[in-house]
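Structure data follow from model_39.txt (compact mmCIF, C-alpha atoms):
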# COMPACT_ATOMS: atom_id res chain seq x y z
CA MET B 1 -48.25 97.37 60.45
CA THR B 2 -47.41 95.83 57.23
CA THR B 3 -49.85 95.07 54.49
CA PRO B 4 -49.55 91.58 53.16
CA VAL B 5 -48.54 91.63 49.52
CA GLU B 6 -50.44 89.23 47.38
CA THR B 7 -48.18 87.24 45.18
CA PRO B 8 -49.59 86.99 41.67
CA PRO B 9 -50.25 83.47 40.53
CA ARG B 10 -47.30 82.06 38.76
CA GLU B 11 -47.55 81.90 35.01
CA PRO B 12 -47.23 78.48 33.55
CA GLU B 13 -43.83 77.50 32.26
CA THR B 14 -43.31 79.82 29.36
CA GLY B 15 -39.88 79.03 28.08
CA SER B 16 -37.55 81.77 27.13
CA ARG B 17 -39.25 82.80 23.95
CA GLY B 18 -42.86 83.28 24.81
CA MET B 19 -44.53 79.95 24.24
CA SER B 20 -47.45 79.97 26.63
CA ARG B 21 -48.33 76.35 26.79
CA LEU B 22 -46.30 73.26 27.34
CA VAL B 23 -46.24 71.49 24.08
CA PRO B 24 -45.23 67.98 23.36
CA LEU B 25 -42.05 69.22 21.77
CA GLY B 26 -40.96 65.83 20.52
CA ARG B 27 -44.17 65.29 18.56
CA ALA B 28 -44.19 68.73 16.94
CA ARG B 29 -40.50 68.60 16.17
CA ALA B 30 -40.82 65.12 14.68
CA ALA B 31 -43.68 66.29 12.46
CA GLY B 32 -41.67 69.30 11.36
CA TRP B 33 -38.65 67.19 10.50
CA ALA B 34 -40.82 64.63 8.72
CA LEU B 35 -42.04 67.47 6.53
CA VAL B 36 -38.46 68.59 5.86
CA LEU B 37 -37.48 65.02 4.99
CA ALA B 38 -40.44 64.67 2.61
CA ILE B 39 -39.39 67.86 0.82
CA ALA B 40 -35.77 66.67 0.70
CA ALA B 41 -36.80 63.24 -0.61
CA VAL B 42 -38.80 64.77 -3.48
CA MET B 43 -35.84 67.00 -4.26
CA VAL B 44 -33.38 64.08 -4.30
CA VAL B 45 -35.59 62.01 -6.61
CA ASP B 46 -35.87 64.92 -9.03
CA LEU B 47 -32.16 65.70 -8.85
CA VAL B 48 -31.39 62.09 -9.78
CA THR B 49 -33.82 62.36 -12.72
CA ILE B 50 -32.25 65.60 -13.86
CA GLY B 51 -28.74 64.28 -13.35
CA ARG B 52 -29.41 61.24 -15.52
CA ASP B 53 -30.31 63.21 -18.63
CA CYS B 54 -30.43 66.94 -18.24
CA ASP B 55 -30.45 67.45 -22.03
CA ALA B 56 -33.75 65.59 -22.32
CA LEU B 57 -35.38 68.42 -20.41
CA ARG B 58 -34.39 70.98 -23.02
CA PRO B 59 -37.41 72.10 -25.07
CA PRO B 60 -36.90 71.35 -28.77
CA ARG B 61 -35.32 74.14 -30.79
CA LEU B 62 -35.52 75.01 -34.46
CA GLY B 63 -33.78 72.45 -36.63
CA GLU B 64 -33.64 69.85 -33.87
CA GLN B 65 -35.48 66.57 -33.81
CA ALA B 66 -38.85 67.04 -32.13
CA LEU B 67 -39.30 65.13 -28.87
CA ASP B 68 -41.43 62.08 -29.44
CA PHE B 69 -44.53 61.59 -27.32
CA ALA B 70 -47.68 59.49 -27.27
CA LEU B 71 -51.08 60.76 -26.18
CA PRO B 72 -54.58 59.26 -26.06
CA VAL B 73 -57.07 60.25 -28.75
CA ILE B 74 -60.32 61.96 -27.78
CA ASP B 75 -62.82 60.07 -29.94
CA THR B 76 -65.79 61.42 -31.86
CA ALA B 77 -68.01 60.92 -28.82
CA GLY B 78 -65.73 63.14 -26.76
CA VAL B 79 -64.26 60.33 -24.69
CA VAL B 80 -60.56 59.83 -23.96
CA SER B 81 -60.11 56.53 -25.77
CA GLU B 82 -57.72 53.62 -25.44
CA GLU B 83 -56.22 54.56 -28.80
CA TRP B 84 -52.93 56.42 -28.57
CA VAL B 85 -51.10 58.37 -31.22
CA SER B 86 -47.39 59.12 -31.18
CA LEU B 87 -45.54 61.84 -33.03
CA GLU B 88 -43.24 59.18 -34.43
CA SER B 89 -46.21 57.43 -36.04
CA LEU B 90 -46.97 60.61 -38.02
CA ARG B 91 -43.46 60.81 -39.49
CA GLY B 92 -43.48 61.36 -43.26
CA LYS B 93 -45.97 64.23 -43.21
CA PRO B 94 -45.56 67.74 -41.83
CA VAL B 95 -47.31 68.03 -38.47
CA VAL B 96 -48.72 71.19 -36.93
CA ILE B 97 -48.89 70.69 -33.16
CA ASP B 98 -51.35 73.06 -31.53
CA PHE B 99 -51.23 73.27 -27.72
CA TRP B 100 -54.48 74.73 -26.40
CA ALA B 101 -57.10 74.45 -23.68
CA THR B 102 -60.88 74.67 -23.64
CA TRP B 103 -60.86 77.80 -21.46
CA CYS B 104 -58.43 79.65 -23.76
CA HIS B 105 -60.29 82.13 -25.97
CA PRO B 106 -57.28 83.19 -28.10
CA CYS B 107 -56.85 79.49 -28.90
CA ARG B 108 -60.31 79.50 -30.50
CA GLN B 109 -59.14 82.20 -32.88
CA THR B 110 -56.02 80.33 -33.97
CA MET B 111 -57.66 76.92 -34.45
CA PRO B 112 -59.53 77.78 -37.69
CA ILE B 113 -56.40 79.40 -39.12
CA LEU B 114 -54.30 76.32 -38.42
CA ALA B 115 -57.05 74.02 -39.71
CA GLY B 116 -57.32 76.11 -42.91
CA ALA B 117 -53.56 76.01 -43.51
CA VAL B 118 -53.51 72.24 -43.08
CA ALA B 119 -56.61 71.77 -45.27
CA ARG B 120 -54.92 73.67 -48.09
CA ARG B 121 -52.25 70.94 -48.13
CA ARG B 122 -54.92 68.47 -49.25
CA GLY B 123 -54.02 65.65 -46.93
CA ASP B 124 -50.29 66.25 -47.02
CA ALA B 125 -50.15 67.69 -43.50
CA ILE B 126 -51.63 66.84 -40.13
CA LEU B 127 -53.03 69.11 -37.45
CA LEU B 128 -52.41 67.52 -34.07
CA SER B 129 -54.59 69.32 -31.59
CA VAL B 130 -53.16 68.81 -28.09
CA CYS B 131 -55.74 69.82 -25.51
CA THR B 132 -53.99 70.44 -22.19
CA ASP B 133 -57.21 70.03 -20.21
CA GLY B 134 -58.50 67.28 -22.46
CA TYR B 135 -58.67 64.73 -19.66
CA GLN B 136 -60.97 66.92 -17.60
CA ARG B 137 -63.02 68.44 -20.43
CA SER B 138 -62.88 65.94 -23.26
CA ARG B 139 -66.46 66.54 -24.47
CA GLU B 140 -65.98 70.28 -24.62
CA ALA B 141 -62.64 69.77 -26.39
CA ARG B 142 -64.29 67.53 -28.98
CA ARG B 143 -67.11 70.02 -29.52
CA LEU B 144 -64.69 72.90 -30.06
CA VAL B 145 -62.48 70.96 -32.46
CA ASP B 146 -65.50 69.76 -34.46
CA GLU B 147 -66.65 73.36 -34.69
CA LEU B 148 -63.37 75.22 -35.21
CA ALA B 149 -60.85 72.74 -36.61
CA PRO B 150 -62.66 69.81 -38.20
CA GLY B 151 -60.22 67.23 -39.42
CA ALA B 152 -57.73 67.83 -36.63
CA MET B 153 -56.48 64.86 -34.67
CA LEU B 154 -57.52 65.59 -31.09
CA VAL B 155 -55.46 64.21 -28.21
CA ALA B 156 -55.51 64.81 -24.47
CA ASP B 157 -52.50 65.91 -22.46
CA GLU B 158 -52.20 66.31 -18.71
CA GLY B 159 -49.50 68.91 -19.20
CA ASP B 160 -46.52 66.59 -19.42
CA VAL B 161 -46.00 66.97 -23.16
CA ALA B 162 -46.69 70.70 -22.95
CA ASP B 163 -43.98 70.88 -20.27
CA GLN B 164 -41.56 68.94 -22.47
CA TYR B 165 -42.15 71.42 -25.25
CA GLY B 166 -41.63 74.40 -22.95
CA VAL B 167 -45.20 75.59 -23.33
CA SER B 168 -45.65 78.54 -20.98
CA THR B 169 -48.54 80.31 -22.69
CA ILE B 170 -51.20 79.05 -25.03
CA PRO B 171 -51.88 78.96 -27.90
CA HIS B 172 -48.46 77.52 -28.63
CA VAL B 173 -47.77 76.10 -32.07
CA VAL B 174 -44.94 73.84 -33.21
CA VAL B 175 -44.48 72.72 -36.82
CA VAL B 176 -42.51 69.55 -37.47
CA ASP B 177 -41.28 68.55 -40.93
CA ARG B 178 -41.49 65.19 -42.68
CA ALA B 179 -38.27 64.04 -41.04
CA GLY B 180 -39.45 64.99 -37.55
CA ARG B 181 -37.40 68.20 -37.23
CA VAL B 182 -38.81 71.36 -35.70
CA VAL B 183 -39.26 74.09 -38.31
CA LEU B 184 -41.38 76.54 -36.29
CA VAL B 185 -41.99 77.31 -32.63
CA GLU B 186 -44.63 80.01 -32.24
CA ARG B 187 -44.89 80.93 -28.57
CA ARG B 188 -46.81 84.16 -28.58
CA VAL B 189 -49.09 83.59 -31.48
CA ALA B 190 -50.04 86.71 -33.42
CA THR B 191 -53.34 85.88 -35.06
CA ASP B 192 -53.05 88.45 -37.86
CA SER B 193 -49.76 87.06 -39.18
CA LEU B 194 -50.35 83.43 -38.23
CA ARG B 195 -51.71 82.36 -41.60
CA SER B 196 -48.61 83.40 -43.53
CA THR B 197 -46.30 82.15 -40.78
CA ILE B 198 -47.88 78.70 -40.83
CA ASP B 199 -47.98 78.57 -44.64
CA ASP B 200 -44.27 79.42 -44.79
CA ALA B 201 -43.47 76.83 -42.14
CA LEU B 202 -45.50 74.17 -43.92
CA ASP B 203 -43.70 74.99 -47.18
CA ARG B 204 -40.40 74.35 -45.43
CA ALA B 205 -41.77 71.31 -43.63
CA SER B 206 -43.06 69.83 -46.87
CA ALA B 207 -39.71 69.94 -48.60
CA PRO B 208 -38.32 66.46 -49.13
CA PRO B 209 -35.81 65.51 -46.42
CA ALA B 210 -32.23 66.33 -47.34
CA GLU B 211 -30.07 63.34 -48.11
CA MET N 1 -39.85 68.17 36.11
CA ALA N 2 -41.08 70.70 33.62
CA GLU N 3 -41.65 69.45 30.13
CA LYS N 4 -39.64 71.18 27.45
CA THR N 5 -41.42 73.97 25.67
CA LEU N 6 -41.76 74.30 21.96
CA ALA N 7 -38.69 76.07 20.65
CA PRO N 8 -39.80 78.69 18.19
CA ASN N 9 -37.93 77.72 15.08
CA VAL N 10 -39.69 77.31 11.77
CA ILE N 11 -39.53 73.51 11.72
CA ASP N 12 -41.03 73.18 15.20
CA ARG N 13 -43.70 75.74 14.43
CA LEU N 14 -44.71 73.95 11.23
CA GLY N 15 -44.75 70.64 13.10
CA ALA N 16 -46.87 72.18 15.85
CA ALA N 17 -49.31 73.56 13.29
CA LEU N 18 -49.78 69.99 12.07
CA LEU N 19 -49.88 68.02 15.30
CA ALA N 20 -50.35 70.52 18.14
CA PRO N 21 -52.48 73.21 16.51
CA VAL N 22 -54.01 74.48 19.76
CA ALA N 23 -50.58 75.27 21.15
CA ALA N 24 -49.45 76.74 17.82
CA LEU N 25 -52.52 79.00 17.72
CA GLU N 26 -52.05 80.12 21.31
CA ALA N 27 -48.40 80.86 20.66
CA ALA N 28 -49.34 83.00 17.67
CA GLU N 29 -51.25 85.31 20.04
CA LYS N 30 -48.17 86.02 22.16
CA PRO N 31 -45.84 88.94 21.44
CA THR N 32 -43.16 86.41 20.48
CA PRO N 33 -43.39 84.64 18.04
CA ALA N 34 -46.41 86.58 16.81
CA GLY N 35 -46.31 87.44 13.12
CA ARG N 36 -44.24 84.43 12.18
CA ALA N 37 -47.07 82.29 10.82
CA PRO N 38 -47.34 83.94 7.37
CA GLY N 39 -43.58 83.64 6.95
CA ASP N 40 -43.67 80.00 8.04
CA LEU N 41 -46.42 79.23 5.54
CA ALA N 42 -44.50 81.06 2.81
CA VAL N 43 -41.35 79.07 3.64
CA LEU N 44 -43.30 75.81 3.41
CA VAL N 45 -44.99 76.69 0.12
CA LEU N 46 -41.84 78.07 -1.51
CA ALA N 47 -39.59 75.24 -0.30
CA GLY N 48 -42.24 72.78 -1.46
CA PHE N 49 -42.41 74.54 -4.84
CA ALA N 50 -38.64 74.54 -5.27
CA ALA N 51 -38.42 70.85 -4.37
CA THR N 52 -41.35 69.64 -6.43
CA HIS N 53 -40.67 71.77 -9.50
CA LEU N 54 -36.95 71.16 -9.97
CA VAL N 55 -37.63 69.61 -13.37
CA SER N 56 -39.66 72.64 -14.45
CA ILE N 57 -37.01 74.98 -13.09
CA THR N 58 -34.41 73.10 -15.12
CA ARG N 59 -36.60 73.40 -18.24
CA ALA N 60 -36.97 77.11 -17.59
CA ALA N 61 -33.19 77.39 -17.23
CA TRP N 62 -32.81 75.72 -20.63
CA MET N 63 -35.30 78.17 -22.12
CA LEU N 64 -33.30 81.00 -20.63
CA ILE N 65 -30.10 79.59 -22.09
CA ASP N 66 -31.82 79.25 -25.46
CA GLY N 67 -32.69 82.93 -25.38
CA ASP N 68 -36.35 82.69 -24.38
CA GLY N 69 -36.15 84.56 -21.09
CA THR N 70 -39.76 85.69 -21.28
CA GLY N 71 -40.95 82.14 -21.84
CA ALA N 72 -38.85 80.92 -18.91
CA ILE N 73 -40.27 83.54 -16.58
CA ASP N 74 -43.81 82.94 -17.87
CA SER N 75 -43.44 79.24 -17.30
CA LEU N 76 -42.11 79.60 -13.76
CA LEU N 77 -44.62 82.24 -12.74
CA THR N 78 -47.52 80.18 -14.07
CA GLN N 79 -46.42 77.19 -12.05
CA LEU N 80 -45.65 79.25 -8.98
CA SER N 81 -49.07 80.84 -9.07
CA ASP N 82 -50.63 77.37 -9.35
CA ALA N 83 -48.64 76.21 -6.34
CA VAL N 84 -49.42 79.16 -4.06
CA ARG N 85 -53.06 79.68 -5.10
CA LEU N 86 -54.75 77.25 -2.73
CA PRO N 87 -52.77 78.04 0.45
CA LEU N 88 -53.03 81.76 -0.28
CA VAL N 89 -56.78 81.66 -0.88
CA PHE N 90 -57.20 79.48 2.20
CA ALA N 91 -55.15 81.84 4.38
CA LEU N 92 -56.87 84.99 3.12
CA GLY N 93 -60.36 83.49 3.24
CA GLY N 94 -59.66 81.90 6.60
CA GLY N 95 -58.29 85.17 7.96
CA LEU N 96 -61.45 86.93 6.90
CA LEU N 97 -63.57 84.21 8.51
CA VAL N 98 -61.67 84.43 11.81
CA LEU N 99 -61.85 88.23 11.69
CA LEU N 100 -65.60 88.23 11.18
CA ALA N 101 -66.24 85.45 13.69
CA ALA N 102 -64.16 87.23 16.34
CA GLY N 103 -66.56 90.18 16.32
CA ARG N 104 -65.43 92.85 18.80
CA ARG N 105 -62.44 90.73 19.76
CA ARG N 106 -61.01 90.91 16.25
CA ALA N 107 -57.34 91.68 15.72
CA LEU N 108 -56.59 91.87 12.00
CA ALA N 109 -52.93 90.84 12.02
CA VAL N 110 -53.33 88.08 14.58
CA ASP N 111 -56.44 86.68 12.90
CA PHE N 112 -54.50 86.44 9.65
CA ASP N 113 -51.65 84.72 11.54
CA LEU N 114 -54.08 82.15 12.90
CA ALA N 115 -55.44 81.45 9.42
CA CYS N 116 -51.91 80.97 8.11
CA ILE N 117 -51.37 78.26 10.73
CA ALA N 118 -54.52 76.59 9.42
CA GLY N 119 -53.04 76.70 5.91
CA VAL N 120 -50.01 74.59 6.85
CA PRO N 121 -51.75 71.19 6.42
CA LEU N 122 -52.58 72.10 2.80
CA GLY N 123 -48.91 72.71 2.05
CA ALA N 124 -47.87 69.55 3.90
CA VAL N 125 -50.41 67.37 2.09
CA ALA N 126 -49.27 68.80 -1.27
CA VAL N 127 -45.68 67.80 -0.50
CA LEU N 128 -46.78 64.34 0.64
CA LEU N 129 -48.76 63.80 -2.57
CA GLU N 130 -45.73 64.81 -4.64
CA LEU N 131 -43.60 62.33 -2.69
CA LEU N 132 -46.13 59.54 -3.26
CA GLY N 133 -46.13 60.42 -6.97
CA ARG N 134 -42.32 60.13 -7.07
CA LEU N 135 -42.63 56.72 -5.42
CA GLY N 136 -44.92 55.55 -8.20
CA LEU N 137 -48.07 55.66 -6.10
CA TYR N 138 -49.81 58.46 -7.98
CA HIS N 139 -53.50 58.03 -8.62
CA PRO N 140 -56.00 60.78 -9.45
CA ALA N 141 -58.31 59.49 -6.69
CA LEU N 142 -55.45 59.73 -4.21
CA GLU N 143 -54.81 63.32 -5.26
CA ARG N 144 -58.47 64.23 -4.79
CA ALA N 145 -58.54 62.45 -1.43
CA GLY N 146 -55.39 64.31 -0.39
CA LEU N 147 -56.97 67.62 -1.29
CA VAL N 148 -60.04 66.78 0.77
CA VAL N 149 -57.91 65.67 3.74
CA GLY N 150 -55.85 68.87 3.54
CA CYS N 151 -58.95 71.07 3.39
CA VAL N 152 -60.72 69.24 6.23
CA TRP N 153 -57.57 69.27 8.36
CA GLY N 154 -57.02 72.97 7.69
CA GLY N 155 -60.73 73.65 8.22
CA MET N 156 -60.64 72.05 11.65
CA ILE N 157 -57.66 74.19 12.61
CA LEU N 158 -59.57 77.19 11.30
CA LEU N 159 -62.44 76.36 13.66
CA LEU N 160 -59.93 76.17 16.52
CA ALA N 161 -58.62 79.55 15.38
CA VAL N 162 -62.13 81.02 15.54
CA ARG N 163 -62.58 79.62 19.04
CA GLN N 164 -59.21 81.05 20.03
CA ALA N 165 -60.07 84.49 18.64
CA ARG N 166 -63.41 84.56 20.46
CA ARG N 167 -61.68 83.83 23.76
CA ARG N 168 -59.70 87.04 23.67
CA GLU N 169 -60.55 89.80 26.07
CA ALA N 170 -63.00 92.16 24.47
CA PRO N 171 -61.76 95.74 24.17
CA ALA N 172 -63.25 98.09 26.75
Would you give me this structure, written as C-alpha cells?
Amino acid sequence: MTTPVETPPREPETGSRGMSRLVPLGRARAAGWALVLAIAAVMVVDLVTIGRDCDALRPPRLGEQALDFALPVIDTAGVVSEEWVSLESLRGKPVVIDFWATWCHPCRQTMPILAGAVARRRGDAILLSVCTDGYQRSREARRLVDELAPGAMLVADEGDVADQYGVSTIPHVVVVDRAGRVVLVERRVATDSLRSTIDDALDRASAPPAE
Amino acid sequence: MAEKTLAPNVIDRLGAALLAPVAALEAAEKPTPAGRAPGDLAVLVLAGFAATHLVSITRAAWMLIDGDGTGAIDSLLTQLSDAVRLPLVFALGGGLLVLLAAGRRRALAVDFDLACIAGVPLGAVAVLLELLGRLGLYHPALERAGLVVGCVWGGMILLLAVRQARRREAPA
C-alpha cells in the first residue's frame, strides 16, 4: 500500500533571484529610471555651467581681483532689508571681509579683533561682516555684531558667496585693497596672531594703487 | 501568463522603494537580495551628491590646484556630511524604530535594511528639488514642502516596515 504524498503548495512566482511577490515591474523600473534621468539632468545643467566659465569657479587668490558680489544688508532692527551692498561699491577703501555664522564660537573671538583693526584706520577701512546664516538668524546676527563688532557692515549670505570664495571653515577672512585686489586670505584663523596679520594686510591694502 | 517579476538591479530596487514599497520591503526579507538596501541608499545619496555638487567639486579641484588641499578636502567633506546627514539619521533612527517595534521578531540587519528602503524617498526628493532649482523654480517654501513630503513619504514606508517586521515568525 502506498502512502499518498502531499504535494506542498506551490510558491508564488518567485523569479530567478528571490523576489517573492509579483511586482508591477514597469512602474518600479520607470520610477527608477526617472530618478536616474533627474540625476543626469542636474549633472548636465551643471556641466554646461562649468563648461561655460570654469575659471569663474576658482576662488580668488592673493594678488588677483576679488570676485564681486552683492548681498542684502541686515538692518539695525535685525531684518534682512531691501538694501544691497556690493563689493564693487566699496572700491577705494580697504575691505576686510569676515565670513562667519551665529553658531560659530571661534568667530565671536575674531570679530572684536577685526573690528579693532578696522577702527584703528579711522574710517579708512571697512569691515564687511558676511553672516552665512544671516537669512535664518538675522536678529541674532545683528545682536552679535552690535555687541562684538560695532561699526561693521552686516550682510546676509545663503552660502553662495562663501562658496565662491572657497570658504570651507569659518571664521574665514579676506582682505581686499583699494583697487579690489586680494591681499590676504586667512582660512584657519589663529586668534593670537590675527591682530598683527590683519594690521599688516591693511597696511598693504591701504597703499595707493600702483600706476 | 505570469507577470514579470522585479529584476533585482539597483535602479529597479530604488524605483520599487518609491512606488512599490510593500514589494521592496518583502524582497528585503528574502535571502536574495537581502542586504542590498543600505548599498542602494548609499548609491542614491552619493550619485545625487556627485551630480548636485559638481560646481563645488570643481571649486575644490581649483583649491587643490592652488595648493590648498586641506581646504579642498574640508569643503567637500562639509558638503558631503550635509548631504548624507538626513538620509543617514533617518535610516539609523528608522532602523532602531523597526527593531524596537518588532519586539521578539526583531532581526537587526534586516530591520536596518527595511529602514534604508524607507530612506529612499528622502534622497529622491532631494534630487528632484535640485532639478527644480536648476530649472529656475527654486523657492524656499518649495524646499520646505519637499522636505515634508520626503519625510512623510519615508515615514509611511517606515510604518509598512514595522508592519512587515511584526509579521515575521517569532523565534521559538
Enumerate, as a ChimeraX atom specification, the protein, DNA and RNA residues whose atoms approach (-63.0, 66.0, -32.8) to within 7 Å, taking into account only C-alpha atoms and the coordinate frame of the file.
-> /B:74-76,142-143,145-146,150,152-154
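Relative to CA of Val173 in chain B, CA of Glu186 in chain B is found at 5.0 Å.
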Find the spatial neighbours of range 40-50 of chain B, counting only C-alpha atoms, within a cut-off of 8 Å - ignore same-chain residues fewer than 5 positions away - and output them as a ChimeraX atom specification.
-> /B:57 /N:51-52,54-55,58,130-131,134
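Proximity of N:Glu169, N:Asp113, N:Asp12, N:Glu143 to Leu25 in chain N, computed with only C-alpha atoms, is greatest for N:Asp113.
Here CA of Glu64 in chain B stands at a distance of 28.6 Å from CA of Arg108 in chain B.
Proximity of N:Gly154, N:Gly133, N:Gly93, N:Pro38 to chain B, computed with all atoms listed in the file, is greatest for N:Gly133.
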Expected answer as number ranges by chain: chain N residues within 7 Å of chain B, all atoms listed in the file = N: 3-6, 11-12, 14-16, 19-20, 23, 27, 30, 32-33, 48, 51-52, 54-55, 59, 62, 71, 74-75, 124, 127-128, 131, 134
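A straight line drawn from CA of Gly95 in chain N to CA of Val162 in chain N is 9.5 Å long.
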What's the 7 Å shell around Gly150 in chain N, counting all atoms listed in the file, without same-chain residues fewer than 4 positions away, as a list in words?
-> Pro121, Leu122, Val125, Gly146 and Gly154 of chain N
Pull C-alpha atoms from the residues just selected and write them as a PDB file, in the coordinates of the input.
ATOM      1  CA  PRO N 121     -51.750  71.190   6.420  1.00  0.00           C
ATOM      2  CA  LEU N 122     -52.580  72.100   2.800  1.00  0.00           C
ATOM      3  CA  VAL N 125     -50.410  67.370   2.090  1.00  0.00           C
ATOM      4  CA  GLY N 146     -55.390  64.310  -0.390  1.00  0.00           C
ATOM      5  CA  GLY N 154     -57.020  72.970   7.690  1.00  0.00           C
TER       6      GLY N 154
END
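Restricting the calculation to all atoms listed in the file, the smallest distance between Asp124 in chain B and any of B:Val95, B:Val79, B:Ala149, B:Val185 is found for B:Val95.
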Taking the point (-50.2, 68.3, -34.0) as given in the file, collect each protein or nucleic acid residue that comes within 9 Å of it, counting all atoms listed in the file, and present the set as a ChimeraX atom specification.
-> /B:87,95-99,126-130,152-155,173-176
One residue among N:Leu92, N:Ile73, N:Ala145, N:Leu41 is nearest to Gly123 in chain N when using only C-alpha atoms, and that residue is N:Leu41
Contacts of Tyr135 in chain B at 12 Å (only C-alpha atoms; same-chain gap of 6+ positions) as a ChimeraX atom specification = /B:71-74,78-81,101-102,141-142,154-159 /N:140
Tell me, as number ranges by chain, which residues lie within 10 Å of range 100-109 of chain N, counting only C-alpha atoms; anything in the same chain fewer than 6 positions away does not count.
-> N: 29, 34-35, 94, 159, 161-172
Near His105 in chain B, counting all atoms listed in the file, which residues have an atom at most 12 Å away, once you skip same-chain residues fewer than 5 positions from it, shown as a list in words?
-> Trp100, Thr110, Met111, Leu144, Leu148, Ile170 and Pro171 of chain B
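Closest approach to Arg85 in chain N among N:Ile57, N:Leu135, N:Gly119, N:Val110 is made by N:Gly119 (distances from all atoms listed in the file).
Comparing the minimum interatomic distances between Pro87 in chain N and each of N:Ala24, N:Ala141, N:Val45, N:Leu114, counting only C-alpha atoms, we find that N:Val45 sits nearest.
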Would you mind completing range 108-129 of chain B so that it carries N, CA and C atoms, and writing it out as a PDB file, keeping the file's coordinate frame?
ATOM      1  N   ARG B 108     -59.164  79.711 -29.588  1.00  0.00           N
ATOM      2  CA  ARG B 108     -60.310  79.500 -30.500  1.00  0.00           C
ATOM      3  C   ARG B 108     -60.143  80.326 -31.776  1.00  0.00           C
ATOM      4  N   GLN B 109     -59.379  81.398 -31.676  1.00  0.00           N
ATOM      5  CA  GLN B 109     -59.140  82.200 -32.880  1.00  0.00           C
ATOM      6  C   GLN B 109     -58.083  81.565 -33.772  1.00  0.00           C
ATOM      7  N   THR B 110     -57.114  80.909 -33.163  1.00  0.00           N
ATOM      8  CA  THR B 110     -56.020  80.330 -33.970  1.00  0.00           C
ATOM      9  C   THR B 110     -56.423  78.993 -34.603  1.00  0.00           C
ATOM     10  N   MET B 111     -57.329  78.270 -33.948  1.00  0.00           N
ATOM     11  CA  MET B 111     -57.660  76.920 -34.450  1.00  0.00           C
ATOM     12  C   MET B 111     -58.157  76.923 -35.901  1.00  0.00           C
ATOM     13  N   PRO B 112     -59.090  77.806 -36.282  1.00  0.00           N
ATOM     14  CA  PRO B 112     -59.530  77.780 -37.690  1.00  0.00           C
ATOM     15  C   PRO B 112     -58.415  78.142 -38.660  1.00  0.00           C
ATOM     16  N   ILE B 113     -57.509  79.012 -38.235  1.00  0.00           N
ATOM     17  CA  ILE B 113     -56.400  79.400 -39.120  1.00  0.00           C
ATOM     18  C   ILE B 113     -55.481  78.206 -39.360  1.00  0.00           C
ATOM     19  N   LEU B 114     -55.170  77.500 -38.282  1.00  0.00           N
ATOM     20  CA  LEU B 114     -54.300  76.320 -38.420  1.00  0.00           C
ATOM     21  C   LEU B 114     -55.002  75.249 -39.254  1.00  0.00           C
ATOM     22  N   ALA B 115     -56.302  75.052 -38.972  1.00  0.00           N
ATOM     23  CA  ALA B 115     -57.050  74.020 -39.710  1.00  0.00           C
ATOM     24  C   ALA B 115     -57.099  74.379 -41.205  1.00  0.00           C
ATOM     25  N   GLY B 116     -57.273  75.671 -41.510  1.00  0.00           N
ATOM     26  CA  GLY B 116     -57.320  76.110 -42.910  1.00  0.00           C
ATOM     27  C   GLY B 116     -55.988  75.866 -43.598  1.00  0.00           C
ATOM     28  N   ALA B 117     -54.895  76.191 -42.918  1.00  0.00           N
ATOM     29  CA  ALA B 117     -53.560  76.010 -43.510  1.00  0.00           C
ATOM     30  C   ALA B 117     -53.303  74.537 -43.799  1.00  0.00           C
ATOM     31  N   VAL B 118     -53.715  73.680 -42.879  1.00  0.00           N
ATOM     32  CA  VAL B 118     -53.510  72.240 -43.080  1.00  0.00           C
ATOM     33  C   VAL B 118     -54.430  71.729 -44.193  1.00  0.00           C
ATOM     34  N   ALA B 119     -55.662  72.230 -44.240  1.00  0.00           N
ATOM     35  CA  ALA B 119     -56.610  71.770 -45.270  1.00  0.00           C
ATOM     36  C   ALA B 119     -56.104  72.123 -46.668  1.00  0.00           C
ATOM     37  N   ARG B 120     -55.432  73.263 -46.779  1.00  0.00           N
ATOM     38  CA  ARG B 120     -54.920  73.670 -48.090  1.00  0.00           C
ATOM     39  C   ARG B 120     -53.834  72.717 -48.604  1.00  0.00           C
ATOM     40  N   ARG B 121     -53.274  71.913 -47.711  1.00  0.00           N
ATOM     41  CA  ARG B 121     -52.250  70.940 -48.130  1.00  0.00           C
ATOM     42  C   ARG B 121     -52.885  69.654 -48.647  1.00  0.00           C
ATOM     43  N   ARG B 122     -54.165  69.588 -48.681  1.00  0.00           N
ATOM     44  CA  ARG B 122     -54.920  68.470 -49.250  1.00  0.00           C
ATOM     45  C   ARG B 122     -54.406  67.112 -48.772  1.00  0.00           C
ATOM     46  N   GLY B 123     -54.375  66.956 -47.490  1.00  0.00           N
ATOM     47  CA  GLY B 123     -54.020  65.650 -46.930  1.00  0.00           C
ATOM     48  C   GLY B 123     -52.537  65.434 -46.746  1.00  0.00           C
ATOM     49  N   ASP B 124     -51.730  66.421 -47.158  1.00  0.00           N
ATOM     50  CA  ASP B 124     -50.290  66.250 -47.020  1.00  0.00           C
ATOM     51  C   ASP B 124     -49.753  66.954 -45.767  1.00  0.00           C
ATOM     52  N   ALA B 125     -50.596  67.141 -44.790  1.00  0.00           N
ATOM     53  CA  ALA B 125     -50.150  67.690 -43.500  1.00  0.00           C
ATOM     54  C   ALA B 125     -51.184  67.277 -42.454  1.00  0.00           C
ATOM     55  N   ILE B 126     -50.741  67.290 -41.220  1.00  0.00           N
ATOM     56  CA  ILE B 126     -51.630  66.840 -40.130  1.00  0.00           C
ATOM     57  C   ILE B 126     -51.681  67.929 -39.064  1.00  0.00           C
ATOM     58  N   LEU B 127     -52.888  68.208 -38.601  1.00  0.00           N
ATOM     59  CA  LEU B 127     -53.030  69.110 -37.450  1.00  0.00           C
ATOM     60  C   LEU B 127     -53.270  68.251 -36.214  1.00  0.00           C
ATOM     61  N   LEU B 128     -52.291  68.277 -35.319  1.00  0.00           N
ATOM     62  CA  LEU B 128     -52.410  67.520 -34.070  1.00  0.00           C
ATOM     63  C   LEU B 128     -52.804  68.497 -32.978  1.00  0.00           C
ATOM     64  N   SER B 129     -54.028  68.362 -32.537  1.00  0.00           N
ATOM     65  CA  SER B 129     -54.590  69.320 -31.590  1.00  0.00           C
ATOM     66  C   SER B 129     -54.416  68.754 -30.170  1.00  0.00           C
TER      67      SER B 129
END
